[in-house]
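Student: The structure that follows is given in the form of structure tokens.
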Amino acid sequence: MTAGKQWSGEAIEAALAAQGIALAPGRGERLAGGLQALLGASASDPLRESLEFDADPPGFLLAIQRCKTR
Amino acid sequence: MSDPALFSLAQAAQAVRAGRISPDELLRASRARIERWQPRINAFVSLESDVEARRPGALFGVPLAHKDMFYRAGRVSSCGSKILRGWVANKTSTALARLDAAGALDIGRLNMSEFAYGPTGHNEHWGDCRNPWNADYITGGSSSGSGASVAARLVFGALGSDTGGSVRLPASACGVSGLKTTWGRVSRHGAMPLCASLDTIGPLARSAEDCALILGAIAGHDARDPLSSQQPVPDYVALISKGPPLKVALSSSWIERDVDPEVAAATLAAAAVLRASGATLIEVEPPDFDTLSAHCLVVMQAEASAQHAGWMRERPHDYSSAVRARLEAGYAIPATAYLEALRLRAAWLERFCATTLAGADLYLLPGIAVRIPTRTQTGPQGGPAMPQLLGEVTRLTRWVNYLGVPALVVPCGFDSRGLPISVQFVGRPFAEATLLAAGHAFQRETDWHQRVPA
């Protein structure tokens, strides 16, 4: 599984500009490469296919309770 | 032992309780070492002039100091930054208040990575913190001053924070014991936030027993941190020598194949020490470190960048180039990727406990998979190899924060250059007592934790 379309320096710059963040000069391409690799690694998670529709972030608090040491 | 600054925290507290030494004598001993070491390692950013033992308790009269991100009302907390230089806190962190209540002395504020967002100990605003074993090498970060000051025996213990390894990396690189606590075990009220889903607070000290003493003082629910747990706080010190023989999971083949040879040898030797002391070793497949680390980084970058959005819009030039670059990256994380990483978190925690820890009390692995790099290799002049090297330094810590579980690092040797090597024990949620018992069992059989830099 991939993270989708390749990120580019221009896309990074535009994404940040839309949030009012000024990208340091010349950094877009470098960030794009790193972001592509990171999102690709996250998206290739083998558990992603079996993630239950009902799973939500606060479910982690319940998992901590279920898994805690006895 | 003639210099009381070389006592363990447990020994120092006991000596004060027994009247064999006064808090003033301990304080003088600490200050004498600070005077000698501070120019070499830059561990402190500020020293308190007015320190007095006021409250009786388990840590009465013992000098501690803490990462400069734990607020104390009326005192400056600069958080390693230019932006907050001179900023005065209007509240006291729960962790500091609880150490006060235990009678500990807070003798100064310790250097740290800018906003706790860097794994090496570099800091262009306050000066790099330097490794007491060799000043050319990194201390690890972000709790750099905590690791360096405990290693050099300037203080008996220190608080750090751990969002992706920031207690364990400096503890590992400086050769001290460091505990990353279960997410929610210690209140974060009044501690500088970085990433709400990952931030934890924990001690760095001279031994597992010393970590147990500090944890016992700071752990427990706090209504001012709604994410702090209601889980009862056990007597960590009493439990450190109790319990059945440990079952220790590890992945020997993976360690031999994927870890620096000197680090691998020391790690496997540590496992052998535990086996000789009665533990059972169980070979398991390693967790998927890289996927878990990627999820951790997605969450970390998104949350840290959101936390800093105001200053990043208004004064981005007041961040160091390295921290600004890390923050910039977070604004491009898609919200869906962030939330998907959080939705997967429960499944990964349950898998870790049901597979890696299925028949074991803890999972053993190195604290850092590579030998400690130099400050030059990992600093502004680090060159194109630096991102990969930083990734290797943090490879074995971030996955633990994603799972929210506790982890203890203790020193287990030195490499051929004389830099420390550490072993890491990772447990189930709230298994701090088990990890501390393992560390204590290891430290009863070894003296790596008693080595002091010259």
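Chain labels A, B, ... are given in the sequence in which chains occur in the structure tokens; within each chain residues are numbered consecutively from 1, and ligands are likewise numbered from 1 in the order shown.
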For chain A, list the residues within 8 Å of chain B, counting only C-alpha atoms, and write the list as number ranges by chain.
Tutor: A: 12, 15-16, 19-24, 27, 31, 35, 38-39, 41-45, 47-48, 51, 55-57, 59-61, 63-65, 67-69
Student: Pick out the residues sitting within 12 Å of Asp258 in chain B, and hand them over as a compact mmCIF listing (two decimals) with C-alpha atoms, in the first residue's frame; count only C-alpha atoms, and ignore anything fewer than 5 positions along from it in its own chain.
Tutor:
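Saved result, selection_20.txt, follows:
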# COMPACT_ATOMS: atom_id res chain seq x y z
CA SER B 251 15.24 -11.24 19.88
CA SER B 252 18.85 -12.41 19.91
CA SER B 253 19.17 -13.05 16.19
CA VAL B 263 26.20 -2.73 21.36
CA ALA B 264 24.90 -6.19 20.48
CA ALA B 265 27.59 -7.91 22.53
CA PRO B 286 11.05 -8.40 17.28
CA PHE B 289 9.95 -1.10 15.12
CA LEU B 365 16.68 -4.74 23.65
CA PRO B 366 19.38 -2.06 23.36
CA ILE B 368 20.36 2.80 21.26
CA ALA B 369 21.18 0.49 18.35
CA VAL B 370 24.34 2.30 17.31
CA GLU B 392 19.31 5.12 13.90
CA ARG B 395 15.03 3.79 16.19
CA LEU B 396 14.57 1.80 19.40
Student: Could you work out how far CA of Pro193 in chain B lies from CA of Leu96 in chain B, giving the answer in Å with one decimal?
Tutor: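 Here the two named atoms are 15.4 Å from each other.
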Student: Which neighbours of range 139-149 of chain B fall inside 6 Å, counting only C-alpha atoms, when residues of the same chain fewer than 4 positions from it are skipped, and could you give them as a list in words?
Tutor: Ala43, Leu110, Asn111, Met112, Ser113, Ala116, Gly118, Pro119, Thr120, Gly121, Arg130, Asn131, Leu154, Ala158, Gly160, Ser166, Val167, Leu169, Pro170, Ala171, Ala173 and Cys174 of chain B
Student: Would you save the residues of that selection, restricted to N, CA and C atoms, as a short mmCIF file (atom, residue, chain, number, x, y, z; two decimals), in the first residue's frame?
Tutor:
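Everything below was put into again_28.cif:
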data_model
loop_
_atom_site.label_atom_id
_atom_site.label_comp_id
_atom_site.auth_asym_id
_atom_site.auth_seq_id
_atom_site.Cartn_x
_atom_site.Cartn_y
_atom_site.Cartn_z
N ALA B 43 25.75 21.58 31.75
CA ALA B 43 24.53 20.85 32.11
C ALA B 43 23.47 21.78 32.70
N LEU B 110 18.07 22.67 34.39
CA LEU B 110 19.03 21.94 33.56
C LEU B 110 18.82 22.21 32.07
N ASN B 111 19.91 22.19 31.36
CA ASN B 111 19.92 22.38 29.91
C ASN B 111 19.05 21.30 29.24
N MET B 112 18.59 21.60 28.07
CA MET B 112 17.71 20.68 27.33
C MET B 112 17.71 21.07 25.87
N SER B 113 17.22 20.19 25.04
CA SER B 113 17.03 20.53 23.64
C SER B 113 15.90 21.55 23.54
N ALA B 116 12.31 20.68 23.89
CA ALA B 116 12.31 19.21 24.02
C ALA B 116 12.11 18.51 22.68
N GLY B 118 14.40 17.51 20.11
CA GLY B 118 15.65 17.12 19.46
C GLY B 118 16.30 15.99 20.24
N PRO B 119 16.86 15.01 19.55
CA PRO B 119 17.36 13.80 20.24
C PRO B 119 18.83 13.82 20.62
N THR B 120 19.54 14.95 20.44
CA THR B 120 20.99 14.89 20.59
C THR B 120 21.57 15.68 21.76
N GLY B 121 20.92 16.77 22.16
CA GLY B 121 21.49 17.65 23.19
C GLY B 121 22.11 18.90 22.62
N ARG B 130 27.20 18.72 26.95
CA ARG B 130 28.28 17.83 26.48
C ARG B 130 28.35 16.58 27.35
N ASN B 131 28.74 15.50 26.70
CA ASN B 131 28.77 14.21 27.39
C ASN B 131 29.93 14.16 28.38
N LEU B 154 26.59 15.52 39.66
CA LEU B 154 26.32 16.89 40.11
C LEU B 154 25.06 16.93 40.95
N ALA B 158 17.27 13.55 38.53
CA ALA B 158 16.71 14.67 37.75
C ALA B 158 15.46 14.19 37.04
N GLY B 160 13.14 14.26 33.69
CA GLY B 160 13.17 14.51 32.27
C GLY B 160 11.78 14.27 31.70
N SER B 166 13.26 10.92 25.00
CA SER B 166 14.02 12.03 25.60
C SER B 166 14.49 11.80 27.03
N VAL B 167 13.99 10.78 27.72
CA VAL B 167 14.63 10.33 28.96
C VAL B 167 15.67 9.27 28.64
N LEU B 169 17.30 8.35 25.78
CA LEU B 169 18.48 8.65 24.97
C LEU B 169 19.59 9.29 25.81
N PRO B 170 19.32 10.34 26.58
CA PRO B 170 20.40 10.89 27.41
C PRO B 170 20.84 9.95 28.52
N ALA B 171 19.92 9.17 29.07
CA ALA B 171 20.35 8.19 30.08
C ALA B 171 21.30 7.19 29.43
N ALA B 173 23.17 7.54 26.61
CA ALA B 173 24.42 8.13 26.13
C ALA B 173 25.33 8.56 27.27
N CYS B 174 24.73 8.88 28.42
CA CYS B 174 25.53 9.36 29.55
C CYS B 174 25.80 8.26 30.58
#
